[in-house]
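Engineer: For reference, the file run_16.pdb (PDB, C-alpha atoms and all ligand atoms) is included below:
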ATOM      1  CA  MET A   1     116.730-103.122  -0.199
ATOM      2  CA  ARG A   2     118.798-101.977  -3.150
ATOM      3  CA  ASN A   3     115.925-102.680  -5.518
ATOM      4  CA  ARG A   4     113.560-100.797  -3.306
ATOM      5  CA  ILE A   5     115.807 -97.730  -3.213
ATOM      6  CA  ALA A   6     116.247 -97.790  -6.979
ATOM      7  CA  LEU A   7     112.498 -98.038  -7.423
ATOM      8  CA  ALA A   8     111.917 -95.157  -5.024
ATOM      9  CA  LEU A   9     114.342 -92.970  -6.951
ATOM     10  CA  LEU A  10     112.785 -94.006 -10.238
ATOM     11  CA  LEU A  11     109.293 -93.171  -9.040
ATOM     12  CA  GLY A  12     110.371 -90.012  -7.262
ATOM     13  CA  THR A  13     109.280 -87.504  -9.856
ATOM     14  CA  VAL A  14     106.137 -89.407 -10.757
ATOM     15  CA  GLY A  15     105.153 -89.859  -7.123
ATOM     16  CA  SER A  16     105.311 -86.173  -6.347
ATOM     17  CA  ALA A  17     102.633 -85.484  -8.931
ATOM     18  CA  LEU A  18     100.273 -88.129  -7.565
ATOM     19  CA  ALA A  19      98.265 -87.955  -4.403
ATOM     20  CA  HIS A  20      98.378 -91.609  -3.236
ATOM     21  CA  VAL A  21      96.385 -92.196  -0.023
ATOM     22  CA  THR A  22      97.216 -89.456   2.467
ATOM     23  CA  LEU A  23      95.843 -87.606   5.467
ATOM     24  CA  ALA A  24      94.460 -84.223   4.424
ATOM     25  CA  GLU A  25      95.720 -82.680   7.691
ATOM     26  CA  PRO A  26      99.042 -84.386   8.584
ATOM     27  CA  LYS A  27      99.577 -82.674  11.977
ATOM     28  CA  ALA A  28      97.515 -82.586  15.174
ATOM     29  CA  GLY A  29      98.024 -81.974  18.881
ATOM     30  CA  ALA A  30      98.681 -84.745  21.394
ATOM     31  CA  GLY A  31      95.623 -85.847  23.342
ATOM     32  CA  SER A  32      93.219 -84.084  20.998
ATOM     33  CA  TYR A  33      90.226 -85.368  19.101
ATOM     34  CA  TYR A  34      91.233 -85.419  15.469
ATOM     35  CA  VAL A  35      89.180 -86.006  12.352
ATOM     36  CA  GLY A  36      91.475 -87.917  10.038
ATOM     37  CA  ALA A  37      90.418 -87.319   6.434
ATOM     38  CA  PHE A  38      91.958 -90.165   4.461
ATOM     39  CA  ARG A  39      92.217 -88.848   0.934
ATOM     40  CA  VAL A  40      92.205 -91.249  -1.989
ATOM     41  CA  GLY A  41      93.827 -89.276  -4.792
ATOM     42  CA  HIS A  42      93.381 -91.691  -7.664
ATOM     43  CA  GLY A  43      92.435 -95.245  -8.594
ATOM     44  CA  CYS A  44      94.711 -98.210  -9.271
ATOM     45  CA  SER A  45      96.200 -97.386 -12.669
ATOM     46  CA  GLY A  46      92.896 -95.841 -13.667
ATOM     47  CA  SER A  47      90.658 -98.541 -12.180
ATOM     48  CA  PRO A  48      87.928 -97.314  -9.775
ATOM     49  CA  THR A  49      88.426 -97.719  -6.011
ATOM     50  CA  THR A  50      85.912-100.099  -4.427
ATOM     51  CA  ALA A  51      87.282-100.425  -0.884
ATOM     52  CA  LEU A  52      89.685 -98.765   1.532
ATOM     53  CA  ARG A  53      90.961-100.501   4.661
ATOM     54  CA  ILE A  54      92.820 -98.331   7.177
ATOM     55  CA  GLU A  55      94.820 -99.808  10.035
ATOM     56  CA  ILE A  56      94.533 -97.867  13.300
ATOM     57  CA  PRO A  57      97.863 -97.886  15.168
ATOM     58  CA  ASP A  58      98.382 -98.641  18.847
ATOM     59  CA  GLY A  59      98.032 -95.531  20.940
ATOM     60  CA  ILE A  60      94.760 -94.409  19.341
ATOM     61  CA  ALA A  61      92.318 -94.826  22.202
ATOM     62  CA  SER A  62      89.172 -94.581  20.101
ATOM     63  CA  ALA A  63      88.371 -94.461  16.403
ATOM     64  CA  ARG A  64      84.925 -93.851  14.911
ATOM     65  CA  PRO A  65      84.440 -93.783  11.164
ATOM     66  CA  GLN A  66      81.945 -91.400   9.597
ATOM     67  CA  PRO A  67      79.218 -93.199   7.628
ATOM     68  CA  LYS A  68      79.441 -92.450   3.943
ATOM     69  CA  PRO A  69      76.507 -92.721   1.514
ATOM     70  CA  GLY A  70      77.066 -95.583  -0.904
ATOM     71  CA  TRP A  71      79.726 -97.227   1.257
ATOM     72  CA  THR A  72      79.478 -99.880   3.974
ATOM     73  CA  VAL A  73      81.526 -99.397   7.138
ATOM     74  CA  GLU A  74      83.286-102.314   8.797
ATOM     75  CA  ILE A  75      85.071-101.929  12.140
ATOM     76  CA  GLU A  76      87.658-104.432  13.374
ATOM     77  CA  THR A  77      88.502-104.607  17.069
ATOM     78  CA  ALA A  78      90.921-106.507  19.281
ATOM     79  CA  PRO A  79      90.767-107.076  23.045
ATOM     80  CA  LEU A  80      93.043-104.901  25.159
ATOM     81  CA  ALA A  81      95.651-106.732  27.242
ATOM     82  CA  LYS A  82      94.481-104.639  30.173
ATOM     83  CA  PRO A  83      91.064-102.919  30.404
ATOM     84  CA  VAL A  84      91.236 -99.129  30.726
ATOM     85  CA  PRO A  85      88.758 -96.571  32.027
ATOM     86  CA  GLY A  86      86.726 -94.950  29.252
ATOM     87  CA  GLU A  87      85.824 -91.304  28.767
ATOM     88  CA  MET A  88      82.388 -91.698  30.337
ATOM     89  CA  GLY A  89      83.433 -93.816  33.297
ATOM     90  CA  GLU A  90      82.839 -97.140  31.581
ATOM     91  CA  THR A  91      85.407 -99.935  31.319
ATOM     92  CA  VAL A  92      86.963-100.274  27.878
ATOM     93  CA  THR A  93      88.096-103.797  27.019
ATOM     94  CA  SER A  94      88.844-103.529  23.308
ATOM     95  CA  ARG A  95      90.203-101.106  20.737
ATOM     96  CA  VAL A  96      89.538-100.444  17.062
ATOM     97  CA  THR A  97      92.368-101.905  14.991
ATOM     98  CA  ALA A  98      91.082-101.233  11.475
ATOM     99  CA  VAL A  99      88.298 -99.470   9.606
ATOM    100  CA  THR A 100      87.115-100.509   6.150
ATOM    101  CA  LEU A 101      84.753 -98.762   3.770
ATOM    102  CA  ASN A 102      83.590-100.850   0.871
ATOM    103  CA  GLY A 103      80.847-101.300  -1.668
ATOM    104  CA  GLY A 104      81.270 -97.931  -3.349
ATOM    105  CA  SER A 105      82.929 -97.081  -6.626
ATOM    106  CA  LEU A 106      85.210 -94.060  -6.818
ATOM    107  CA  PRO A 107      86.166 -93.388 -10.449
ATOM    108  CA  GLY A 108      89.897 -93.640 -11.119
ATOM    109  CA  ASP A 109      90.160 -90.017 -12.248
ATOM    110  CA  GLN A 110      88.369 -88.550  -9.198
ATOM    111  CA  PHE A 111      89.225 -88.193  -5.511
ATOM    112  CA  ASP A 112      87.321 -88.601  -2.272
ATOM    113  CA  GLN A 113      87.916 -88.482   1.485
ATOM    114  CA  PHE A 114      87.007 -90.997   4.177
ATOM    115  CA  LEU A 115      86.704 -89.596   7.706
ATOM    116  CA  VAL A 116      87.629 -91.194  11.038
ATOM    117  CA  LEU A 117      87.302 -89.389  14.383
ATOM    118  CA  MET A 118      90.164 -90.401  16.666
ATOM    119  CA  LYS A 119      91.422 -89.691  20.173
ATOM    120  CA  LEU A 120      95.149 -89.124  19.767
ATOM    121  CA  PRO A 121      97.774 -90.357  22.222
ATOM    122  CA  ALA A 122      99.074 -87.947  24.869
ATOM    123  CA  VAL A 123     102.654 -88.452  23.698
ATOM    124  CA  PRO A 124     103.970 -86.613  20.598
ATOM    125  CA  GLY A 125     105.454 -88.648  17.752
ATOM    126  CA  GLN A 126     104.642 -90.017  14.350
ATOM    127  CA  LEU A 127     101.760 -92.418  13.675
ATOM    128  CA  LEU A 128     101.377 -94.512  10.550
ATOM    129  CA  PHE A 129      98.048 -95.763   9.178
ATOM    130  CA  PRO A 130      98.841 -98.478   6.625
ATOM    131  CA  ALA A 131      96.051 -98.523   4.053
ATOM    132  CA  THR A 132      94.901-101.045   1.471
ATOM    133  CA  GLN A 133      93.175 -99.618  -1.574
ATOM    134  CA  THR A 134      91.120-102.199  -3.455
ATOM    135  CA  CYS A 135      90.048-101.392  -6.993
ATOM    136  CA  ALA A 136      87.787-103.059  -9.531
ATOM    137  CA  LYS A 137      91.071-104.192 -11.064
ATOM    138  CA  GLY A 138      94.038-104.512  -8.738
ATOM    139  CA  GLU A 139      95.034-103.452  -5.245
ATOM    140  CA  GLU A 140      97.539-100.965  -3.782
ATOM    141  CA  HIS A 141      99.189-101.265  -0.357
ATOM    142  CA  TRP A 142     100.064 -97.876   1.087
ATOM    143  CA  SER A 143     102.247 -99.208   3.860
ATOM    144  CA  ASP A 144     105.832 -97.982   3.402
ATOM    145  CA  ALA A 145     107.357 -96.436   6.513
ATOM    146  CA  PRO A 146     109.120 -93.135   5.824
ATOM    147  CA  MET A 147     112.904 -93.111   5.448
ATOM    148  CA  ALA A 148     114.960 -89.937   5.842
ATOM    149  CA  GLY A 149     115.677 -88.239   2.544
ATOM    150  CA  MET A 150     113.761 -90.766   0.481
ATOM    151  CA  ARG A 151     110.505 -90.746  -1.374
ATOM    152  CA  MET A 152     108.863 -94.112  -0.889
ATOM    153  CA  PRO A 153     106.793 -95.610  -3.720
ATOM    154  CA  HIS A 154     103.852 -96.515  -1.458
ATOM    155  CA  PRO A 155     104.036 -94.351   1.696
ATOM    156  CA  ALA A 156     101.599 -95.123   4.509
ATOM    157  CA  PRO A 157      99.343 -92.226   5.503
ATOM    158  CA  ALA A 158     101.275 -90.483   8.303
ATOM    159  CA  LEU A 159     100.287 -88.180  11.143
ATOM    160  CA  THR A 160     102.677 -86.077  13.201
ATOM    161  CA  VAL A 161     101.380 -85.761  16.753
ATOM    162  CA  THR A 162     102.676 -82.451  18.086
ATOM    163  CA  PRO A 163     103.040 -81.452  21.763
ATOM    164  CA  ALA A 164      99.676 -80.504  23.266
ATOM    165  CA  THR A 165      98.939 -76.787  23.015
ATOM    166  CA  GLY A 166      96.361 -76.723  25.784
ATOM    167  CA  GLY A 167      94.281 -74.629  23.423
ATOM    168  CA  GLY A 168      91.878 -75.050  20.535
ATOM    169  CA  ASP A 169      93.007 -78.528  19.587
ATOM    170  CA  THR A 170      91.190 -80.066  22.521
ATOM    171  CA  SER A 171      87.992 -78.067  22.037
ATOM    172  CA  MET A 172      86.017 -81.266  21.479
ATOM    173  CA  GLY A 173      87.215 -82.809  24.723
ATOM    174  CA  GLY A 174      84.264 -81.599  26.754
ATOM    175  CA  MET A 175      81.935 -83.295  24.321
ATOM    176  CA  HIS A 176      83.803 -86.594  24.406
ATOM    177  CA  GLY A 177      84.560 -86.174  20.742
ATOM    178  CA  MET A 178      80.915 -86.479  19.842
TER     179      MET A 178
HETATM  180 CU    CU B   1      99.439 -91.602  -5.897
END
Can the structure from this file be put into structure tokens for me?

Structural biologist:
Amino acid sequence: MRNRIALALLLGTVGSALAHVTLAEPKAGAGSYYVGAFRVGHGCSGSPTTALRIEIPDGIASARPQPKPGWTVEIETAPLAKPVPGEMGETVTSRVTAVTLNGGSLPGDQFDQFLVLMKLPAVPGQLLFPATQTCAKGEEHWSDAPMAGMRMPHPAPALTVTPATGGGDTSMGGMHGM
């Protein structure tokens, strides 16, 4: 732990200038449909990004990645302990646990965004989306949980789910997020 804190302090000033892998819009209302734009700010020490795997936390009822030209989408699922009713009256028996885009090549000095449409939980709180960035040379794990007052060297993309407004945030609800 001591090493980790020292490293975080050391990287503090550098980290603030770099974009890491983050969510473009880090706040959204509970129960809403939210398009998470996972932003890859740079490569691995200059090496181009060739894959991004994003873990979808418990509490996200549905997650649908947007196809991206030049990239292949892979969706991982796991069975639910207990089936739940779906949005269209069907029975849902599994959930998306991770989304991976691979096969592309994002130059190390450029950025891009990878979109996932998600149904957010009804309860406010913070959600983490640990991400693995694979590059032509090397790999970065953006999986650090936030700690009060500290700048982590590899923070996981984080979303703050705010109390539902009952307003515009749920505008897609009537269309089932599609
Ligand atoms: Cu960075």

Engineer: Check what the PyMOL selection byres (((chain A and resi 42) around 9) and not hetatm) selects in the file above and give those residues as a list in words.

Structural biologist: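 For this structure, the PyMOL selection byres (((chain A and resi 42) around 9) and not hetatm) resolves to Leu18, Ala19, His20, Val21, Val40, Gly41, Gly43, Cys44, Ser45, Gly46, Ser47, Pro48, Thr49, Leu106, Pro107, Gly108, Asp109, Gln110, Phe111 and Asp112 of chain A.
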
Engineer: Can you turn the PyMOL selection byres (((chain A and resi 158) around 9) and not hetatm) into a concrete residue list for this file, as a list of chain:residue names?

Structural biologist: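 Applied to this file, the PyMOL selection byres (((chain A and resi 158) around 9) and not hetatm) selects A:Thr22, A:Leu23, A:Pro26, A:Lys27, A:Gln126, A:Leu127, A:Leu128, A:Phe129, A:Pro130, A:Ala145, A:Pro146, A:Pro155, A:Ala156, A:Pro157, A:Leu159, A:Thr160.
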
Engineer: Could you tell me which of A:Pro83, A:Gly70, A:Pro153, A:Pro121 comes closest to ligand CU 1 (chain B) if we count only C-alpha atoms and all ligand atoms?

Structural biologist: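 Comparing A:Pro83, A:Gly70, A:Pro153, A:Pro121 against ligand CU 1 (chain B), the winner is A:Pro153.
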
Engineer: Residues at most 12 Å from stretch 58-62 of chain A, counting all atoms listed in the file, excluding those fewer than 2 positions away in the same chain, as number ranges by chain?

Structural biologist: A: 30-36, 55-56, 64-65, 75, 77-78, 80-81, 83-87, 92-99, 116-129, 159, 161, 176-178

Engineer: With distances taken over only C-alpha atoms and all ligand atoms, which of A:Arg39, A:Cys135, A:Ser105, A:Pro57 is nearest to ligand CU 1 (chain B)?

Structural biologist: A:Arg39

Engineer: As lines of an AutoDock Vina configuration file, please: the centre and edge lengths in Å, to one decimal, of an axis-aligned box enclosing every listed atom of stretch 77-80 of chain A with 3 Å added on each side.

Structural biologist:
center_x = 90.8
center_y = -105.8
center_z = 21.1
size_x = 10.5
size_y = 8.5
size_z = 14.1

Engineer: In terms of the shortest atom-to-atom distance over only C-alpha atoms and all ligand atoms, which of A:Met152, A:Met88, A:Ala164, A:Met147 is closest to ligand CU 1 (chain B)?

Structural biologist: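 Using only C-alpha atoms and all ligand atoms, ligand CU 1 (chain B) sits closest to A:Met152.
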
Engineer: For atom CA of A:Thr50 and atom CA of A:Ala24, determine how far apart the two atoms are, in Å to one decimal place.

Structural biologist: 20.1 Å

Engineer: To one decimal place in Å, what is the distance between atom CA of A:Leu101 and atom CA of A:Phe114?

Structural biologist: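 So the answer is 8.1 Å.
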
Engineer: For A:Arg53, which residue out of A:Asp144, A:Glu90, A:Glu139, A:Glu25 is the nearest one, using all atoms listed in the file?

Structural biologist: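 Going through A:Asp144, A:Glu90, A:Glu139, A:Glu25 one by one, the smallest distance to A:Arg53 is for A:Glu139.
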
Engineer: In Å, rounded to a single decimal, give me how far atom CA of A:Gly103 is from atom CA of A:Val73.

Structural biologist: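 We find that atom CA of A:Val73 and atom CA of A:Gly103 lie 9.0 Å from each other.
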
Engineer: Quick check on the file I pasted: which residues fall under the PyMOL selection byres (((chain A and resi 52) around 7) and not hetatm)? Write them as a ChimeraX atom specification.

Structural biologist: /A:51,53-54,100-102,131-134

Engineer: From the set A:Pro163, A:Gly149, A:Glu140, A:Thr91, which residue has the shortest atom-to-atom contact distance to ligand CU 1 (chain B), counting all atoms listed in the file?

Structural biologist: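 Looking only at the distances to ligand CU 1 (chain B), the closest residue turns out to be A:Glu140.
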
Engineer: Smallest atom-to-atom distance to ligand CU 1 (chain B): which of A:Ala148, A:His141, A:Thr162, A:Ala136, using all atoms listed in the file?

Structural biologist: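 Looking only at the distances to ligand CU 1 (chain B), the closest residue turns out to be A:His141.
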